[in-house]
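Pasted below: entry_3.cif, mmCIF, C-alpha atoms and all ligand atoms.
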```cif
data_protein
#
loop_
_atom_site.label_atom_id
_atom_site.label_comp_id
_atom_site.auth_asym_id
_atom_site.auth_seq_id
_atom_site.Cartn_x
_atom_site.Cartn_y
_atom_site.Cartn_z
CA MET D 1221 32.88 -3.73 16.76
CA ASN D 1222 29.72 -5.45 17.83
CA ASP D 1223 29.31 -9.06 16.61
CA ALA D 1224 25.82 -8.20 15.43
CA VAL D 1225 27.23 -5.83 12.80
CA THR D 1226 26.20 -7.89 9.80
CA GLY D 1227 23.33 -8.02 7.37
CA GLU D 1228 21.19 -5.44 5.59
CA PRO D 1229 21.66 -1.88 6.78
CA VAL D 1230 19.15 -0.40 9.22
CA VAL D 1231 19.79 2.99 7.67
CA ARG D 1232 20.82 3.85 4.16
CA LEU D 1233 20.98 7.49 3.14
CA THR D 1234 21.64 8.23 -0.50
CA ASP D 1235 22.40 11.78 -1.61
CA LEU D 1236 20.39 13.25 1.26
CA ALA D 1237 20.05 17.01 0.90
CA ARG D 1238 18.26 19.74 2.83
CA SER D 1239 18.17 23.49 2.34
CA PHE D 1240 16.47 26.20 4.33
CA GLU D 1241 15.36 29.64 3.14
CA GLN D 1242 15.95 32.44 5.59
CA GLY D 1243 15.30 36.08 4.73
CA GLY D 1244 15.48 35.25 1.04
CA VAL D 1245 18.84 33.52 1.49
CA ARG D 1246 19.18 29.82 0.82
CA ILE D 1247 21.27 27.81 3.27
CA ASP D 1248 22.36 24.38 2.06
CA VAL D 1249 22.73 22.40 5.26
CA LEU D 1250 23.00 18.87 3.87
CA ASN D 1251 24.63 18.55 0.46
CA GLY D 1252 24.43 14.91 -0.50
CA VAL D 1253 24.95 12.80 2.60
CA ASN D 1254 25.65 9.13 1.99
CA LEU D 1255 25.69 6.82 4.98
CA THR D 1256 24.79 3.27 5.89
CA VAL D 1257 24.43 1.93 9.40
CA ALA D 1258 24.55 -1.84 9.86
CA PRO D 1259 22.38 -3.75 12.34
CA GLY D 1260 23.86 -3.45 15.81
CA GLU D 1261 26.35 -0.79 14.78
CA ILE D 1262 26.78 2.24 17.01
CA VAL D 1263 27.78 5.30 15.01
CA ALA D 1264 28.84 8.65 16.45
CA LEU D 1265 27.90 11.71 14.43
CA LEU D 1266 30.33 14.56 15.02
CA GLY D 1267 30.46 18.02 13.50
CA PRO D 1268 30.57 21.63 14.63
CA SER D 1269 27.49 23.45 15.85
CA GLY D 1270 25.21 24.18 12.90
CA SER D 1271 26.76 21.49 10.69
CA GLY D 1272 23.41 19.72 10.38
CA LYS D 1273 23.56 16.83 12.85
CA SER D 1274 20.05 17.42 14.21
CA THR D 1275 18.73 17.97 10.71
CA MET D 1276 20.20 14.62 9.67
CA LEU D 1277 18.67 12.84 12.67
CA GLN D 1278 15.30 14.42 11.84
CA ALA D 1279 15.58 12.95 8.36
CA VAL D 1280 16.40 9.48 9.67
CA GLY D 1281 13.68 9.79 12.32
CA LEU D 1282 11.14 10.48 9.55
CA LEU D 1283 9.92 13.40 11.60
CA GLU D 1284 9.95 16.06 8.92
CA GLY D 1285 9.69 16.44 5.19
CA GLY D 1286 11.56 18.75 2.87
CA PHE D 1287 14.50 16.43 2.19
CA GLN D 1288 15.89 15.45 -1.17
CA GLY D 1289 17.52 12.08 -1.80
CA LYS D 1290 16.67 8.64 -0.49
CA ILE D 1291 16.09 7.61 3.12
CA GLU D 1292 15.78 3.88 3.77
CA ILE D 1293 15.02 2.58 7.25
CA ALA D 1294 15.12 -1.18 7.86
CA GLY D 1295 14.48 -1.80 4.17
CA HIS D 1296 11.61 0.72 3.89
CA ASP D 1297 12.10 3.49 1.36
CA ALA D 1298 10.67 6.45 3.28
CA THR D 1299 10.28 8.51 0.13
CA GLN D 1300 7.63 5.99 -1.03
CA LEU D 1301 5.63 6.03 2.22
CA ASP D 1302 2.68 8.18 3.25
CA SER D 1303 2.54 9.82 6.63
CA ALA D 1304 0.72 6.92 8.36
CA GLU D 1305 3.24 4.42 7.00
CA ARG D 1306 6.14 6.58 8.17
CA THR D 1307 4.59 6.65 11.63
CA GLU D 1308 4.44 2.84 11.58
CA VAL D 1309 8.10 2.57 10.58
CA ARG D 1310 8.99 4.99 13.37
CA LYS D 1311 6.95 3.06 15.91
CA ASN D 1312 8.23 -0.37 14.87
CA HIS D 1313 11.90 0.33 14.28
CA LEU D 1314 13.06 3.50 16.02
CA GLY D 1315 13.76 4.76 19.51
CA PHE D 1316 14.64 8.38 20.35
CA VAL D 1317 16.71 10.04 23.07
CA TYR D 1318 16.95 13.83 23.11
CA GLN D 1319 19.14 16.26 24.98
CA PHE D 1320 16.20 17.12 27.20
CA HIS D 1321 14.31 14.12 28.38
CA HIS D 1322 10.73 14.96 27.24
CA LEU D 1323 9.29 12.59 29.84
CA LEU D 1324 5.58 12.81 30.64
CA PRO D 1325 5.54 14.94 33.80
CA ASP D 1326 2.41 13.42 35.37
CA PHE D 1327 3.58 9.84 35.08
CA THR D 1328 6.10 7.94 37.19
CA ALA D 1329 9.44 6.72 35.89
CA LEU D 1330 8.00 3.22 35.55
CA GLU D 1331 4.92 4.43 33.66
CA ASN D 1332 7.05 6.49 31.29
CA VAL D 1333 8.80 3.28 30.26
CA VAL D 1334 5.64 1.15 30.27
CA LEU D 1335 3.56 3.44 28.03
CA PRO D 1336 5.49 3.05 24.74
CA GLN D 1337 5.26 -0.70 25.17
CA LEU D 1338 1.47 -0.57 25.60
CA LEU D 1339 1.38 1.25 22.25
CA HIS D 1340 3.13 -1.85 20.89
CA ASP D 1341 0.37 -4.05 22.29
CA VAL D 1342 2.61 -5.51 24.97
CA SER D 1343 0.53 -6.55 27.99
CA ARG D 1344 0.85 -4.37 31.08
CA PRO D 1345 2.54 -7.02 33.30
CA VAL D 1346 5.12 -7.81 30.63
CA ALA D 1347 5.70 -4.11 29.97
CA ALA D 1348 6.09 -3.40 33.69
CA ALA D 1349 8.59 -6.26 34.07
CA ARG D 1350 10.62 -4.96 31.12
CA ALA D 1351 10.49 -1.40 32.50
CA GLU D 1352 11.66 -2.58 35.93
CA GLU D 1353 14.46 -4.59 34.38
CA LEU D 1354 15.71 -1.65 32.28
CA LEU D 1355 15.40 0.90 35.05
CA GLY D 1356 17.13 -1.55 37.38
CA LYS D 1357 20.07 -1.88 34.97
CA LEU D 1358 20.26 1.91 35.01
CA GLY D 1359 20.40 1.96 38.80
CA LEU D 1360 16.88 3.33 39.28
CA SER D 1361 15.15 0.45 41.10
CA HIS D 1362 14.54 2.78 44.03
CA ARG D 1363 13.02 5.51 41.83
CA LEU D 1364 10.31 3.61 39.95
CA ASP D 1365 7.44 5.52 41.52
CA HIS D 1366 8.99 8.97 41.26
CA ARG D 1367 7.75 11.55 38.79
CA PRO D 1368 10.29 13.32 36.54
CA SER D 1369 10.24 16.45 38.73
CA GLN D 1370 11.31 14.31 41.69
CA LEU D 1371 14.36 12.99 39.83
CA SER D 1372 17.80 14.48 39.22
CA GLY D 1373 18.85 15.44 35.67
CA GLY D 1374 20.91 12.26 35.34
CA GLU D 1375 18.06 10.12 36.64
CA GLN D 1376 15.60 11.77 34.24
CA GLN D 1377 17.94 11.08 31.35
CA ARG D 1378 18.29 7.44 32.43
CA VAL D 1379 14.50 7.11 32.34
CA ALA D 1380 14.53 8.62 28.84
CA VAL D 1381 17.13 6.02 27.83
CA ALA D 1382 15.01 3.20 29.25
CA ARG D 1383 11.96 4.56 27.42
CA ALA D 1384 13.83 4.69 24.10
CA LEU D 1385 15.05 1.11 24.48
CA ALA D 1386 11.85 -0.37 25.91
CA ASN D 1387 10.61 -1.82 22.62
CA LYS D 1388 14.09 -3.02 21.57
CA PRO D 1389 14.14 -0.80 18.48
CA GLN D 1390 16.44 -1.79 15.64
CA LEU D 1391 17.79 1.75 15.66
CA VAL D 1392 18.15 4.30 18.43
CA LEU D 1393 18.54 7.95 17.41
CA ALA D 1394 20.16 10.10 20.03
CA ASP D 1395 20.71 13.85 19.72
CA GLU D 1396 23.24 15.01 22.32
CA PRO D 1397 21.69 12.47 24.70
CA THR D 1398 23.71 13.61 27.70
CA GLY D 1399 24.36 17.19 26.58
CA ASN D 1400 22.55 18.78 29.53
CA LEU D 1401 24.43 16.80 32.21
CA ASP D 1402 27.70 17.57 33.94
CA GLU D 1403 30.74 15.83 32.47
CA LYS D 1404 30.98 13.01 35.00
CA THR D 1405 27.27 12.17 34.92
CA SER D 1406 27.25 12.50 31.14
CA GLU D 1407 30.06 9.94 30.81
CA ARG D 1408 28.36 7.55 33.18
CA VAL D 1409 24.91 7.78 31.56
CA LEU D 1410 26.34 7.51 28.05
CA GLY D 1411 28.38 4.46 29.10
CA GLU D 1412 25.24 2.82 30.49
CA PHE D 1413 23.32 3.77 27.34
CA LEU D 1414 26.00 2.22 25.09
CA ASP D 1415 26.14 -0.97 27.20
CA LEU D 1416 22.38 -1.41 27.02
CA VAL D 1417 22.24 -0.66 23.28
CA ARG D 1418 25.03 -3.18 22.65
CA GLY D 1419 23.49 -5.71 25.03
CA GLN D 1420 20.22 -5.78 23.11
CA GLY D 1421 21.82 -5.61 19.66
CA SER D 1422 20.23 -2.32 18.58
CA ALA D 1423 22.04 0.01 16.21
CA ALA D 1424 22.43 3.67 17.18
CA LEU D 1425 23.20 6.99 15.54
CA VAL D 1426 24.38 9.40 18.21
CA ALA D 1427 24.97 13.11 17.52
CA THR D 1428 27.51 14.57 19.90
CA HIS D 1429 30.12 17.30 20.26
CA ASN D 1430 32.18 15.18 22.59
CA GLN D 1431 35.07 13.41 20.81
CA ALA D 1432 35.95 11.29 23.84
CA LEU D 1433 32.42 9.93 24.01
CA ALA D 1434 32.39 9.44 20.23
CA ALA D 1435 35.54 7.34 20.49
CA ARG D 1436 33.64 4.82 22.59
CA MET D 1437 31.32 4.00 19.70
CA ASP D 1438 31.93 1.54 16.85
CA ARG D 1439 32.45 4.20 14.19
CA VAL D 1440 32.77 7.96 14.02
CA VAL D 1441 31.48 9.97 11.08
CA VAL D 1442 31.90 13.71 10.71
CA LEU D 1443 29.60 16.16 8.97
CA HIS D 1444 31.66 18.61 6.98
CA GLU D 1445 30.27 21.10 4.48
CA GLY D 1446 27.02 19.19 4.40
CA ARG D 1447 28.61 15.84 3.60
CA ILE D 1448 29.84 12.89 5.61
CA GLU D 1449 33.55 12.63 5.96
CA ALA D 1450 34.84 9.33 7.32
CA LYS D 1451 37.16 9.82 10.27
CA PRO D 1452 40.46 8.01 10.01
N1 LIG Y 1 13.69 25.12 10.39
C1 LIG Y 1 14.81 25.75 10.04
N2 LIG Y 1 14.76 26.91 9.35
C2 LIG Y 1 15.90 27.54 8.96
N3 LIG Y 1 17.14 27.09 9.24
C3 LIG Y 1 17.24 25.95 9.94
C4 LIG Y 1 16.10 25.21 10.38
N4 LIG Y 1 16.52 24.11 11.04
C5 LIG Y 1 17.87 24.15 11.03
N5 LIG Y 1 18.31 25.25 10.35
C6 LIG Y 1 19.70 25.62 10.12
O1 LIG Y 1 20.40 24.48 9.69
C7 LIG Y 1 21.71 24.46 10.22
C8 LIG Y 1 21.97 23.13 10.90
O2 LIG Y 1 21.22 23.03 12.10
P1 LIG Y 1 21.28 21.72 12.99
O3 LIG Y 1 20.44 21.99 14.20
O4 LIG Y 1 20.95 20.54 12.17
O5 LIG Y 1 22.83 21.68 13.38
P2 LIG Y 1 23.59 20.82 14.48
O6 LIG Y 1 24.82 20.29 13.83
O7 LIG Y 1 22.66 19.82 15.08
O8 LIG Y 1 23.96 21.93 15.53
P3 LIG Y 1 24.18 21.83 17.12
O9 LIG Y 1 25.39 20.98 17.31
O10 LIG Y 1 24.39 23.25 17.51
O11 LIG Y 1 22.92 21.23 17.71
C9 LIG Y 1 21.82 25.65 11.14
O12 LIG Y 1 22.51 26.68 10.47
C10 LIG Y 1 20.39 26.04 11.40
O13 LIG Y 1 20.26 27.42 11.63
#
```
Have the structure of the file written as structure tokens, please.
Amino acid sequence: MNDAVTGEPVVRLTDLARSFEQGGVRIDVLNGVNLTVAPGEIVALLGPSGSGKSTMLQAVGLLEGGFQGKIEIAGHDATQLDSAERTEVRKNHLGFVYQFHHLLPDFTALENVVLPQLLHDVSRPVAAARAEELLGKLGLSHRLDHRPSQLSGGEQQRVAVARALANKPQLVLADEPTGNLDEKTSERVLGEFLDLVRGQGSAALVATHNQALAARMDRVVVLHEGRIEAKP
């Protein structure tokens, strides 16, 4: 367990629920999820396909409405915030890594990691130095000026990791972050991701199907019948 795992939670979900209507049938995906994530804690979110992992990450990422219950991020009660305030919380506290990298295709690896920092009012030289440092730690010093299409899948995903961590978010949300990579590359990139997240003291909530990868995190929680089941 990370030494930084102390203090007020970065995430607190209380009785989180979400249902979808499909063809007149109601599907209860989340049925009262309760979870807290401490600062610096890396939590794996396991559960079979369709169990609601992505839906839960969308709730925590404040990306969509339609949820019941309480979502608190770094002390902010999202249910009390308007859309602009939720955007601010997202910008100031959260980083995202998806299964597919979603990098900007017309920008270089370096620029993809610089841009989110400019949105945080970091000066360009400082942002570039940070981007170079992160990409260097991920073994991409020789790929700074390449565009995403000129990079391998593993390299693209490393750039996406660097982008998510660039502003040192308190919480990184990762949805199958290495799910589109072969097993060996996936293990390597996830290991690098976890080292960097730990190194900078961020917390993370990582949805995955892979139990071996989950075992490398501080805590494993399992979604079962729309609720969180602690894993022994
Ligand atoms: N917008 C939507 N409209 C209707 N049903 C939805 C919607 N979004 C998700 N669902 C349903 O909610 C359930 C949970 O989906 P979700 O993507 O959260 O699962 P998951 O655990 O992330 O799955 P996977 O591991 O396959 O990515 C699924 O049955 C899905 O069909």
request  = For ligand LIG 1 (chain Y), collect every residue having any atom at a distance of at most 12 Å from a ligand atom (counting all atoms listed in the file); output as a PyMOL selection string.
outcome  = chain D and resi 1237-1251+1265-1279+1284-1287+1318-1319+1394-1397+1399+1426-1430+1442-1447
message = Taking (16.3, -2.6, 18.2) as a centre in this file's frame and 7 Å as the limit, can you find every polymer residue with an atom that close, using all atoms listed in the file, and give them as a ChimeraX atom specification?
response = /D:1313,1388-1391,1421-1423
task = Would you kindly return, as a PyMOL selection string, each protein, DNA or RNA residue with an atom no farther than 12 Å from any atom of Arg1408 of chain D, considering only C-alpha atoms and excluding same-chain residues fewer than 4 positions away?
result = chain D and resi 1358-1359+1374-1375+1377-1378+1397-1398+1401-1404+1412-1415+1433
request  = To one decimal in Å, tell me the separation between atom CA of Ala1329 of chain D and atom CA of Val1379 of chain D.
outcome  = 6.2 Å
Closest contacts (segment 1287-1375 of chain D/segment 1259-1264 of chain D, max 12 Å, all atoms listed in the file) as JSON lines:
```
{"residue": "D:Ile1293", "atom": "CA", "partner": "D:Pro1259", "partner_atom": "CA", "distance": 11.0}
{"residue": "D:Ala1294", "atom": "CA", "partner": "D:Pro1259", "partner_atom": "CA", "distance": 8.9}
{"residue": "D:Gly1295", "atom": "CA", "partner": "D:Pro1259", "partner_atom": "CA", "distance": 11.5}
{"residue": "D:His1313", "atom": "CA", "partner": "D:Pro1259", "partner_atom": "CA", "distance": 11.4}
```
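Closest approach to Val1253 of chain D among D:Val1230, D:Leu1393, D:Ala1298, D:Ile1291: D:Ile1291, based on only C-alpha atoms.
A straight line drawn from atom CA of Arg1232 of chain D to atom CA of Val1257 of chain D is 6.6 Å long.
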inquiry  = My list of candidates is D:Gly1315, D:Ala1347, D:His1321, D:Gln1337. Which is closest to Val1417 of chain D when distances are computed with all atoms listed in the file?
reply    =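 Once distances to Val1417 of chain D are computed over all atoms listed in the file, the minimum belongs to D:Gly1315.
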query = Any idea what's packed within 10 Å of His1322 of chain D, counting only C-alpha atoms, ignoring anything in its chain fewer than 2 positions away? Could you give it as a PyMOL selection string?
reply = chain D and resi 1317-1320+1324-1325+1368+1376-1377+1380
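Proximity to Arg1306 of chain D was assessed for D:Leu1323, D:Val1334, D:Val1440, D:Val1280 counting all atoms listed in the file; the smallest distance is recorded for D:Val1280.
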remark   = For Val1381 of chain D, the closest of D:Leu1360, D:Pro1345, D:Phe1316, D:Leu1338 counting only C-alpha atoms is D:Phe1316
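Relative to atom CA of Arg1436 of chain D, atom CA of Leu1410 of chain D is found at 9.5 Å.
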To box segment 1248-1260 of chain D, take all atoms listed in the file, fit an axis-aligned box, add 5 Å on each side, and give centre and edge lengths in Å to one decimal, as lines of an AutoDock Vina configuration file.
```
center_x = 24.0
center_y = 10.3
center_z = 7.7
size_x = 13.3
size_y = 38.1
size_z = 26.3
```
ask   = Taking into account only C-alpha atoms, which residue in the set D:Glu1352, D:Glu1308, D:Asp1235, D:Glu1407 is nearest to Ala1432 of chain D?
value = D:Glu1407
ask   = For Leu1330 of chain D, which residue out of D:Lys1357, D:Lys1290, D:Arg1310, D:Arg1383 is the nearest one, using only C-alpha atoms?
value = D:Arg1383
